[in-house]
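Visitor: Mind having a look at this structure? Questions to follow.
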Amino acid sequence: DAKTTQPNSMESNEEEPVHLPCNHSTISGTDYIHWYRQLPSQGPEYVIHGLTSNVNNRMASLAIAEDRKSSTLILHRATLRDAAVYYCILRGGVNYGGSQGNLIFGKGTKLSVKP
Amino acid sequence: GAGVSQSPSNKVTEKGKDVELRCDPISGHTALYWYRQSLGQGLEFLIYFQGNSAPDKSGLPSDRFSAERTGGSVSTLTIQRTQQEDSAVYLCASSLNPTGRSGNTIYFGEGSWLTVV
């Protein structure tokens, strides 16, 4: 299985940008890179995803390395509400790991935001 | 409702009893997933349904766990002869058909918190 590696935890100050790294050196050509986050006592929620090009949405930006072996989730201005566990996940394009479309979650990065 | 709905939201049961957890996916979503998350731990995949295909049961931890999905919509996760280690939050999620477009977002419910005493 293609795996992702993330730091266990990170800290940020409120109103400052946050760069959350993810390594996925065994990514295949059909794997999409997904980011989800889980706020305390809630189910995970979608943040952003991409394949090759950098992506922006209202929540965050996703920067994907040219060789696709790593990516970075960028929160442009962290708020206290952004404190959560952030998961970087690979999702196969076709018949990934015998389970089409499944998401395998790692341990994620716990982001703390200080006021 | 507009989102994934799970019931009950909280369940306390005695060791050895059977429990059923229900999931109502978002209307039109053909894919349905069950995960569980023990306190302070990551998400553990349990089972995945996609349309009329045979479900992927590779994550079920033991034969005490089973799940079904009736009519391609509502799903029930059943845990027989519950043990204390089954205590966790059980999360259901759904998405549009993921094949060929793996960018499809997965939407999670709020979870069913199970405590086995």
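In the structure tokens, chains take letters A, B, ... by order of appearance, with residues numbered from 1 within each chain and ligands from 1 in the order shown.
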If we count only C-alpha atoms and set the cut-off at 7 Å, which residues sit around Gln38 in chain A, ignoring sequence neighbours fewer than 3 positions away in its own chain? Please answer as a VMD selection string.
Guide: chain A and resid 42 to 45 84 to 86
Visitor: Find the spatial neighbours of Ser9 in chain B, counting only C-alpha atoms, within a cut-off of 7 Å - ignore same-chain residues fewer than 5 positions away - and output them as a PyMOL selection string.
Guide: chain B and resi 111-113
Visitor: Write the residues you've just listed into a file as a tab-separated table (two decimals), in the first residue's frame, and include C-alpha atoms for each of them.
Guide:
chain	number	residue	atom	x	y	z
B	111	GLY	CA	-20.45	9.03	14.49
B	112	SER	CA	-22.04	6.63	16.95
B	113	TRP	CA	-20.24	6.58	20.29
Visitor: Tell me which protein, DNA and RNA residues are within 12 Å of range 44-55 of chain B, counting only C-alpha atoms, leaving out same-chain ones fewer than 2 positions away, and put them as a short mmCIF file (atom, residue, chain, number, x, y, z; two decimals) with all heavy atoms, in the first residue's frame.
Guide:
data_model
loop_
_atom_site.label_atom_id
_atom_site.label_comp_id
_atom_site.auth_asym_id
_atom_site.auth_seq_id
_atom_site.Cartn_x
_atom_site.Cartn_y
_atom_site.Cartn_z
N GLY A 98 -7.05 -3.13 -4.34
CA GLY A 98 -8.17 -4.05 -4.31
C GLY A 98 -9.41 -3.45 -3.69
O GLY A 98 -10.42 -4.11 -3.54
N SER A 99 -9.37 -2.21 -3.33
CA SER A 99 -10.54 -1.58 -2.71
C SER A 99 -10.75 -0.23 -3.37
O SER A 99 -10.16 0.76 -2.97
CB SER A 99 -10.32 -1.44 -1.21
OG SER A 99 -11.46 -0.83 -0.62
N GLN A 100 -11.56 -0.22 -4.38
CA GLN A 100 -11.69 1.00 -5.17
C GLN A 100 -12.20 2.16 -4.34
O GLN A 100 -13.22 2.08 -3.69
CB GLN A 100 -12.67 0.75 -6.32
CG GLN A 100 -12.14 -0.18 -7.38
CD GLN A 100 -13.11 -0.30 -8.54
OE1 GLN A 100 -14.28 0.00 -8.41
NE2 GLN A 100 -12.62 -0.73 -9.67
N GLY A 101 -11.44 3.22 -4.41
CA GLY A 101 -11.90 4.46 -3.82
C GLY A 101 -11.82 4.54 -2.32
O GLY A 101 -12.25 5.53 -1.74
N ASN A 102 -11.28 3.52 -1.65
CA ASN A 102 -11.25 3.58 -0.20
C ASN A 102 -10.21 4.58 0.28
O ASN A 102 -9.26 4.90 -0.43
CB ASN A 102 -10.92 2.20 0.36
CG ASN A 102 -11.21 2.12 1.83
OD1 ASN A 102 -11.82 3.02 2.40
ND2 ASN A 102 -10.74 1.06 2.46
N LEU A 103 -10.40 5.10 1.47
CA LEU A 103 -9.44 5.98 2.11
C LEU A 103 -8.84 5.27 3.30
O LEU A 103 -9.56 4.82 4.17
CB LEU A 103 -10.10 7.27 2.57
CG LEU A 103 -10.53 8.29 1.54
CD1 LEU A 103 -11.08 9.53 2.23
CD2 LEU A 103 -9.35 8.70 0.66
N ILE A 104 -7.52 5.18 3.31
CA ILE A 104 -6.82 4.60 4.44
C ILE A 104 -6.17 5.75 5.20
O ILE A 104 -5.28 6.44 4.67
CB ILE A 104 -5.75 3.58 3.99
CG1 ILE A 104 -6.40 2.49 3.13
CG2 ILE A 104 -5.05 2.99 5.21
CD1 ILE A 104 -7.42 1.65 3.85
N PHE A 105 -6.60 5.96 6.43
CA PHE A 105 -6.10 7.06 7.23
C PHE A 105 -4.86 6.65 8.02
O PHE A 105 -4.82 5.56 8.59
CB PHE A 105 -7.17 7.53 8.22
CG PHE A 105 -8.29 8.30 7.59
CD1 PHE A 105 -9.29 7.66 6.90
CD2 PHE A 105 -8.35 9.69 7.71
CE1 PHE A 105 -10.33 8.37 6.31
CE2 PHE A 105 -9.38 10.41 7.13
CZ PHE A 105 -10.37 9.75 6.44
N GLY A 106 -3.87 7.53 8.06
CA GLY A 106 -2.73 7.36 8.94
C GLY A 106 -3.02 8.05 10.26
O GLY A 106 -4.18 8.25 10.62
N LYS A 107 -1.96 8.43 10.97
CA LYS A 107 -2.16 9.07 12.27
C LYS A 107 -2.35 10.58 12.15
O LYS A 107 -2.83 11.23 13.06
CB LYS A 107 -0.97 8.77 13.18
CG LYS A 107 -0.86 7.29 13.54
CD LYS A 107 0.18 7.06 14.61
CE LYS A 107 0.32 5.59 14.94
NZ LYS A 107 -0.95 5.03 15.44
N PRO B 25 -26.84 7.28 4.34
CA PRO B 25 -25.88 8.08 3.55
C PRO B 25 -26.59 9.24 2.86
O PRO B 25 -27.82 9.35 2.89
CB PRO B 25 -25.39 7.07 2.51
CG PRO B 25 -26.55 6.15 2.32
CD PRO B 25 -27.20 6.04 3.67
N GLY B 28 -28.26 9.50 -3.16
CA GLY B 28 -27.55 9.44 -4.44
C GLY B 28 -26.13 8.94 -4.35
O GLY B 28 -25.50 8.65 -5.37
N HIS B 29 -25.61 8.85 -3.14
CA HIS B 29 -24.24 8.35 -2.98
C HIS B 29 -24.24 6.83 -3.06
O HIS B 29 -24.94 6.16 -2.31
CB HIS B 29 -23.66 8.81 -1.64
CG HIS B 29 -23.19 10.22 -1.66
ND1 HIS B 29 -22.42 10.76 -0.65
CD2 HIS B 29 -23.35 11.21 -2.57
CE1 HIS B 29 -22.14 12.01 -0.95
NE2 HIS B 29 -22.69 12.31 -2.10
N THR B 30 -23.40 6.31 -3.95
CA THR B 30 -23.38 4.86 -4.13
C THR B 30 -22.34 4.18 -3.26
O THR B 30 -22.40 2.98 -3.04
CB THR B 30 -23.07 4.53 -5.61
OG1 THR B 30 -21.81 5.10 -5.96
CG2 THR B 30 -24.16 5.08 -6.52
N ALA B 31 -21.38 4.92 -2.78
CA ALA B 31 -20.33 4.34 -1.94
C ALA B 31 -20.60 4.64 -0.48
O ALA B 31 -20.97 5.77 -0.13
CB ALA B 31 -18.97 4.89 -2.35
N LEU B 32 -20.41 3.64 0.37
CA LEU B 32 -20.64 3.81 1.81
C LEU B 32 -19.52 3.11 2.56
O LEU B 32 -19.11 2.00 2.21
CB LEU B 32 -22.00 3.22 2.21
CG LEU B 32 -22.46 3.45 3.66
CD1 LEU B 32 -23.97 3.63 3.72
CD2 LEU B 32 -22.00 2.35 4.59
N TYR B 33 -19.02 3.79 3.58
CA TYR B 33 -17.86 3.32 4.32
C TYR B 33 -18.18 3.28 5.80
O TYR B 33 -18.86 4.16 6.32
CB TYR B 33 -16.66 4.27 4.13
CG TYR B 33 -16.40 4.73 2.71
CD1 TYR B 33 -17.22 5.68 2.11
CD2 TYR B 33 -15.32 4.25 1.99
CE1 TYR B 33 -16.97 6.12 0.81
CE2 TYR B 33 -15.06 4.69 0.70
CZ TYR B 33 -15.89 5.61 0.11
OH TYR B 33 -15.64 6.05 -1.16
N TRP B 34 -17.58 2.34 6.50
CA TRP B 34 -17.60 2.32 7.97
C TRP B 34 -16.15 2.35 8.47
O TRP B 34 -15.30 1.60 7.99
CB TRP B 34 -18.28 1.07 8.52
CG TRP B 34 -19.78 1.08 8.48
CD1 TRP B 34 -20.59 0.50 7.55
CD2 TRP B 34 -20.66 1.67 9.44
NE1 TRP B 34 -21.90 0.70 7.86
CE2 TRP B 34 -21.98 1.41 9.02
CE3 TRP B 34 -20.47 2.40 10.63
CZ2 TRP B 34 -23.10 1.85 9.74
CZ3 TRP B 34 -21.56 2.83 11.34
CH2 TRP B 34 -22.87 2.56 10.89
N TYR B 35 -15.92 3.22 9.44
CA TYR B 35 -14.64 3.30 10.14
C TYR B 35 -14.94 3.27 11.64
O TYR B 35 -16.05 3.55 12.07
CB TYR B 35 -13.91 4.61 9.83
CG TYR B 35 -13.42 4.77 8.41
CD1 TYR B 35 -14.28 5.22 7.41
CD2 TYR B 35 -12.10 4.51 8.07
CE1 TYR B 35 -13.83 5.39 6.11
CE2 TYR B 35 -11.65 4.67 6.77
CZ TYR B 35 -12.52 5.12 5.80
OH TYR B 35 -12.06 5.29 4.52
N ARG B 36 -13.92 2.97 12.41
CA ARG B 36 -14.05 3.16 13.84
C ARG B 36 -12.80 3.86 14.36
O ARG B 36 -11.72 3.80 13.76
CB ARG B 36 -14.28 1.86 14.60
CG ARG B 36 -13.08 0.99 14.81
CD ARG B 36 -13.41 -0.18 15.71
NE ARG B 36 -12.29 -1.11 15.82
CZ ARG B 36 -12.32 -2.23 16.53
NH1 ARG B 36 -13.44 -2.57 17.20
NH2 ARG B 36 -11.27 -3.03 16.57
N GLN B 37 -13.00 4.56 15.46
CA GLN B 37 -11.91 5.34 16.05
C GLN B 37 -11.96 5.18 17.55
O GLN B 37 -12.91 5.64 18.20
CB GLN B 37 -12.03 6.81 15.64
CG GLN B 37 -10.86 7.66 16.04
CD GLN B 37 -10.94 9.05 15.42
OE1 GLN B 37 -12.03 9.58 15.22
NE2 GLN B 37 -9.79 9.64 15.12
N SER B 38 -10.96 4.52 18.09
CA SER B 38 -10.86 4.40 19.54
C SER B 38 -10.32 5.71 20.09
O SER B 38 -9.69 6.50 19.38
CB SER B 38 -9.95 3.23 19.91
OG SER B 38 -10.46 2.03 19.36
N LEU B 39 -10.53 5.93 21.37
CA LEU B 39 -10.15 7.19 22.02
C LEU B 39 -8.69 7.51 21.79
O LEU B 39 -7.81 6.70 22.09
CB LEU B 39 -10.45 7.11 23.51
CG LEU B 39 -10.37 8.42 24.29
CD1 LEU B 39 -11.40 9.41 23.77
CD2 LEU B 39 -10.56 8.19 25.78
N GLN B 41 -7.05 7.61 19.08
CA GLN B 41 -6.41 6.87 18.00
C GLN B 41 -6.86 7.37 16.64
O GLN B 41 -7.77 8.20 16.53
CB GLN B 41 -6.74 5.38 18.13
CG GLN B 41 -6.31 4.76 19.44
CD GLN B 41 -4.82 4.83 19.63
OE1 GLN B 41 -4.04 4.45 18.77
NE2 GLN B 41 -4.40 5.34 20.79
N GLY B 42 -6.24 6.85 15.61
CA GLY B 42 -6.62 7.21 14.25
C GLY B 42 -7.83 6.42 13.78
O GLY B 42 -8.39 5.61 14.51
N LYS B 57 -14.74 -6.29 2.92
CA LYS B 57 -14.85 -6.53 4.36
C LYS B 57 -13.49 -6.69 5.03
O LYS B 57 -13.41 -7.15 6.17
CB LYS B 57 -15.66 -7.80 4.63
CG LYS B 57 -17.03 -7.83 4.01
CD LYS B 57 -17.73 -9.15 4.31
CE LYS B 57 -19.11 -9.21 3.68
NZ LYS B 57 -19.78 -10.50 3.97
N SER B 58 -12.45 -6.30 4.31
CA SER B 58 -11.10 -6.62 4.77
C SER B 58 -10.73 -5.99 6.10
O SER B 58 -9.79 -6.44 6.76
CB SER B 58 -10.08 -6.22 3.70
OG SER B 58 -10.14 -4.83 3.46
N GLY B 59 -11.45 -4.95 6.51
CA GLY B 59 -11.10 -4.29 7.75
C GLY B 59 -11.86 -4.76 8.98
O GLY B 59 -11.54 -4.33 10.09
N LEU B 60 -12.81 -5.62 8.80
CA LEU B 60 -13.58 -6.09 9.96
C LEU B 60 -12.65 -6.87 10.90
O LEU B 60 -11.98 -7.80 10.48
CB LEU B 60 -14.74 -6.96 9.51
CG LEU B 60 -15.83 -6.26 8.70
CD1 LEU B 60 -16.91 -7.25 8.27
CD2 LEU B 60 -16.46 -5.11 9.49
N PRO B 61 -12.61 -6.50 12.18
CA PRO B 61 -11.62 -7.07 13.10
C PRO B 61 -11.89 -8.51 13.52
O PRO B 61 -10.96 -9.20 13.92
CB PRO B 61 -11.65 -6.13 14.30
CG PRO B 61 -13.01 -5.51 14.26
CD PRO B 61 -13.39 -5.42 12.83
N SER B 62 -13.13 -8.94 13.47
CA SER B 62 -13.45 -10.32 13.85
C SER B 62 -14.79 -10.70 13.26
O SER B 62 -15.51 -9.84 12.73
CB SER B 62 -13.48 -10.46 15.38
OG SER B 62 -14.68 -9.92 15.90
N ASP B 63 -15.14 -11.96 13.39
CA ASP B 63 -16.44 -12.41 12.84
C ASP B 63 -17.61 -11.96 13.70
O ASP B 63 -18.77 -12.24 13.38
CB ASP B 63 -16.45 -13.93 12.66
CG ASP B 63 -16.20 -14.69 13.94
OD1 ASP B 63 -16.15 -14.05 15.01
OD2 ASP B 63 -16.04 -15.91 13.87
N PHE B 65 -18.23 -8.92 13.93
CA PHE B 65 -18.63 -7.70 13.22
C PHE B 65 -19.21 -8.07 11.85
O PHE B 65 -18.64 -8.89 11.13
CB PHE B 65 -17.43 -6.79 13.00
CG PHE B 65 -16.93 -6.11 14.24
CD1 PHE B 65 -16.24 -6.81 15.21
CD2 PHE B 65 -17.15 -4.75 14.43
CE1 PHE B 65 -15.78 -6.19 16.37
CE2 PHE B 65 -16.69 -4.11 15.57
CZ PHE B 65 -16.01 -4.82 16.54
N SER B 66 -20.32 -7.45 11.52
CA SER B 66 -20.90 -7.63 10.19
C SER B 66 -21.63 -6.36 9.80
O SER B 66 -21.96 -5.53 10.65
CB SER B 66 -21.86 -8.83 10.17
OG SER B 66 -22.95 -8.59 11.04
N ALA B 67 -21.86 -6.21 8.52
CA ALA B 67 -22.58 -5.03 8.04
C ALA B 67 -23.35 -5.41 6.81
O ALA B 67 -22.94 -6.29 6.05
CB ALA B 67 -21.63 -3.87 7.76
N GLU B 68 -24.46 -4.74 6.63
CA GLU B 68 -25.23 -4.92 5.42
C GLU B 68 -25.74 -3.57 4.96
O GLU B 68 -25.82 -2.61 5.73
CB GLU B 68 -26.39 -5.89 5.64
CG GLU B 68 -27.41 -5.45 6.66
CD GLU B 68 -28.56 -6.44 6.78
OE1 GLU B 68 -28.39 -7.60 6.39
OE2 GLU B 68 -29.62 -6.03 7.28
N ARG B 69 -26.07 -3.55 3.69
CA ARG B 69 -26.60 -2.33 3.11
C ARG B 69 -27.82 -2.72 2.28
O ARG B 69 -27.69 -3.41 1.27
CB ARG B 69 -25.56 -1.64 2.24
CG ARG B 69 -26.00 -0.27 1.77
CD ARG B 69 -24.94 0.42 0.95
NE ARG B 69 -25.36 1.77 0.63
CZ ARG B 69 -24.77 2.56 -0.25
NH1 ARG B 69 -23.71 2.12 -0.91
NH2 ARG B 69 -25.22 3.78 -0.47
N THR B 70 -28.96 -2.27 2.71
CA THR B 70 -30.21 -2.67 2.07
C THR B 70 -30.61 -1.66 1.00
O THR B 70 -30.59 -0.44 1.25
CB THR B 70 -31.32 -2.80 3.11
OG1 THR B 70 -31.41 -1.57 3.84
CG2 THR B 70 -31.03 -3.92 4.08
N GLY B 71 -30.96 -2.18 -0.16
CA GLY B 71 -31.46 -1.32 -1.22
C GLY B 71 -30.47 -0.28 -1.68
O GLY B 71 -30.86 0.73 -2.27
N GLY B 72 -29.20 -0.52 -1.43
CA GLY B 72 -28.19 0.42 -1.87
C GLY B 72 -28.20 1.73 -1.13
O GLY B 72 -27.58 2.72 -1.58
N SER B 73 -28.88 1.78 0.01
CA SER B 73 -28.95 3.04 0.75
C SER B 73 -28.51 2.84 2.19
O SER B 73 -27.32 2.82 2.48
CB SER B 73 -30.35 3.63 0.66
OG SER B 73 -30.43 4.85 1.36
N VAL B 74 -29.47 2.62 3.08
CA VAL B 74 -29.19 2.52 4.52
C VAL B 74 -28.29 1.33 4.81
O VAL B 74 -28.41 0.27 4.21
CB VAL B 74 -30.51 2.39 5.31
CG1 VAL B 74 -30.24 2.10 6.77
CG2 VAL B 74 -31.34 3.66 5.14
N SER B 75 -27.38 1.53 5.76
CA SER B 75 -26.49 0.45 6.18
C SER B 75 -26.59 0.25 7.68
O SER B 75 -26.81 1.21 8.44
CB SER B 75 -25.05 0.78 5.80
OG SER B 75 -24.16 -0.22 6.28
N THR B 76 -26.43 -1.01 8.09
CA THR B 76 -26.43 -1.35 9.51
C THR B 76 -25.14 -2.11 9.83
O THR B 76 -24.82 -3.09 9.15
CB THR B 76 -27.63 -2.22 9.88
OG1 THR B 76 -28.83 -1.54 9.55
CG2 THR B 76 -27.62 -2.54 11.37
N LEU B 77 -24.44 -1.64 10.83
CA LEU B 77 -23.26 -2.33 11.34
C LEU B 77 -23.67 -3.05 12.62
O LEU B 77 -24.22 -2.43 13.53
CB LEU B 77 -22.13 -1.34 11.63
CG LEU B 77 -20.84 -1.91 12.24
CD1 LEU B 77 -20.11 -2.77 11.22
CD2 LEU B 77 -19.93 -0.79 12.73
N THR B 78 -23.44 -4.35 12.65
CA THR B 78 -23.83 -5.15 13.81
C THR B 78 -22.59 -5.71 14.50
O THR B 78 -21.69 -6.24 13.85
CB THR B 78 -24.73 -6.32 13.38
OG1 THR B 78 -25.90 -5.80 12.73
CG2 THR B 78 -25.17 -7.15 14.59
N ILE B 79 -22.57 -5.55 15.80
CA ILE B 79 -21.49 -6.12 16.61
C ILE B 79 -22.14 -7.11 17.58
O ILE B 79 -22.98 -6.74 18.40
CB ILE B 79 -20.72 -5.05 17.40
CG1 ILE B 79 -20.28 -3.91 16.49
CG2 ILE B 79 -19.52 -5.68 18.09
CD1 ILE B 79 -19.67 -2.73 17.22
N ALA B 88 -15.70 2.53 21.13
CA ALA B 88 -15.09 3.44 20.16
C ALA B 88 -16.21 4.28 19.55
O ALA B 88 -17.38 4.06 19.82
CB ALA B 88 -14.37 2.66 19.05
N VAL B 89 -15.81 5.23 18.72
CA VAL B 89 -16.81 5.91 17.91
C VAL B 89 -16.79 5.26 16.53
O VAL B 89 -15.72 5.04 15.96
CB VAL B 89 -16.55 7.43 17.83
CG1 VAL B 89 -15.18 7.74 17.27
CG2 VAL B 89 -17.61 8.10 16.97
N TYR B 90 -17.96 4.91 16.04
CA TYR B 90 -18.09 4.26 14.75
C TYR B 90 -18.59 5.31 13.75
O TYR B 90 -19.67 5.86 13.91
CB TYR B 90 -19.03 3.06 14.86
CG TYR B 90 -18.38 1.94 15.63
CD1 TYR B 90 -18.37 1.96 17.03
CD2 TYR B 90 -17.74 0.90 14.98
CE1 TYR B 90 -17.73 0.96 17.75
CE2 TYR B 90 -17.10 -0.11 15.68
CZ TYR B 90 -17.09 -0.07 17.06
OH TYR B 90 -16.45 -1.06 17.77
N LEU B 91 -17.78 5.55 12.74
CA LEU B 91 -18.05 6.60 11.77
C LEU B 91 -18.48 6.00 10.44
O LEU B 91 -17.86 5.07 9.93
CB LEU B 91 -16.80 7.46 11.55
CG LEU B 91 -16.39 8.32 12.73
CD1 LEU B 91 -14.91 8.67 12.66
CD2 LEU B 91 -17.21 9.60 12.76
N CYS B 92 -19.53 6.56 9.90
CA CYS B 92 -20.01 6.17 8.58
C CYS B 92 -19.74 7.33 7.62
O CYS B 92 -19.76 8.50 8.02
CB CYS B 92 -21.51 5.88 8.64
SG CYS B 92 -22.25 5.43 7.06
N ALA B 93 -19.47 6.99 6.38
CA ALA B 93 -19.22 8.01 5.37
C ALA B 93 -19.80 7.56 4.05
O ALA B 93 -20.02 6.36 3.83
CB ALA B 93 -17.72 8.28 5.23
N SER B 94 -20.05 8.51 3.16
CA SER B 94 -20.55 8.15 1.84
C SER B 94 -19.94 9.07 0.79
O SER B 94 -19.45 10.16 1.10
CB SER B 94 -22.08 8.21 1.79
OG SER B 94 -22.57 9.55 1.84
N SER B 95 -19.97 8.61 -0.45
CA SER B 95 -19.48 9.43 -1.55
C SER B 95 -20.19 9.00 -2.83
O SER B 95 -20.78 7.92 -2.91
CB SER B 95 -17.96 9.31 -1.71
OG SER B 95 -17.61 8.06 -2.25
N LEU B 96 -20.07 9.86 -3.84
CA LEU B 96 -20.50 9.47 -5.17
C LEU B 96 -19.61 8.33 -5.65
O LEU B 96 -18.59 8.03 -5.03
CB LEU B 96 -20.41 10.66 -6.12
CG LEU B 96 -21.39 11.80 -5.85
CD1 LEU B 96 -21.01 13.03 -6.68
CD2 LEU B 96 -22.81 11.37 -6.16
N ASN B 97 -19.97 7.71 -6.73
CA ASN B 97 -19.18 6.63 -7.27
C ASN B 97 -17.73 7.06 -7.41
O ASN B 97 -17.43 7.98 -8.14
CB ASN B 97 -19.73 6.25 -8.64
CG ASN B 97 -19.06 5.02 -9.21
OD1 ASN B 97 -18.02 4.59 -8.71
ND2 ASN B 97 -19.62 4.49 -10.27
N PRO B 98 -16.84 6.41 -6.66
CA PRO B 98 -15.45 6.87 -6.66
C PRO B 98 -14.64 6.39 -7.86
O PRO B 98 -13.59 6.91 -8.12
CB PRO B 98 -14.88 6.27 -5.38
CG PRO B 98 -15.65 5.00 -5.21
CD PRO B 98 -17.04 5.30 -5.75
N THR B 99 -15.13 5.38 -8.57
CA THR B 99 -14.30 4.81 -9.62
C THR B 99 -14.14 5.79 -10.77
O THR B 99 -15.11 6.40 -11.22
CB THR B 99 -14.91 3.51 -10.16
OG1 THR B 99 -16.20 3.78 -10.68
CG2 THR B 99 -15.02 2.49 -9.07
#
Visitor: For chain A, which of B:Gln6, B:Lys11, B:Gln84, B:Asp18 is the closest residue, counting only C-alpha atoms?
Guide: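 Of B:Gln6, B:Lys11, B:Gln84, B:Asp18, the one nearest chain A, counting only C-alpha atoms, is B:Gln6.
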Visitor: Can you tell me, as a PyMOL selection string, what residues are no more than 7 Å from Leu111 in chain A when counting only C-alpha atoms, ignoring any on the same chain fewer than 2 positions away?
Guide: chain A and resi 9-11+83-85+109+113
Visitor: Using Å and a single decimal, report how far CA of Ser53 in chain A sits from CA of Cys88 in chain A.
Guide: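 Rounded to one decimal, the two atoms are 16.2 Å apart.
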Visitor: Counting only C-alpha atoms, which of A:Lys114, A:Lys3, A:Arg91, A:His76 gets nearest to chain B?
Guide: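 Among A:Lys114, A:Lys3, A:Arg91, A:His76, it is A:Arg91 that comes nearest to chain B.
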Visitor: Work out how far CA of Arg58 in chain A is from CA of Ser12 in chain A, in Å to one decimal.
Guide: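 Here the two named atoms are 19.5 Å from each other.
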Visitor: So, with only C-alpha atoms as the atoms that count, which of B:Gly40, B:Arg64, B:Thr82, B:Val12 lies closest to chain A?
Guide: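 Between B:Gly40, B:Arg64, B:Thr82, B:Val12, the residue approaching chain A most closely is B:Gly40.
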Visitor: Please, which residues of range 4-104 of chain B, numbered as in this document, come out helix (DSSP H, G or I) from DSSP, as an NGL selection string?
Guide: :B and (70-72 or 84-86)
Visitor: Given the choices A:Leu20, A:Asn54, A:Glu14, A:Tyr32, which gets closest to Ile74 in chain A if the distance is worked out from only C-alpha atoms?
Guide: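 Comparing A:Leu20, A:Asn54, A:Glu14, A:Tyr32 against Ile74 in chain A, the winner is A:Leu20.
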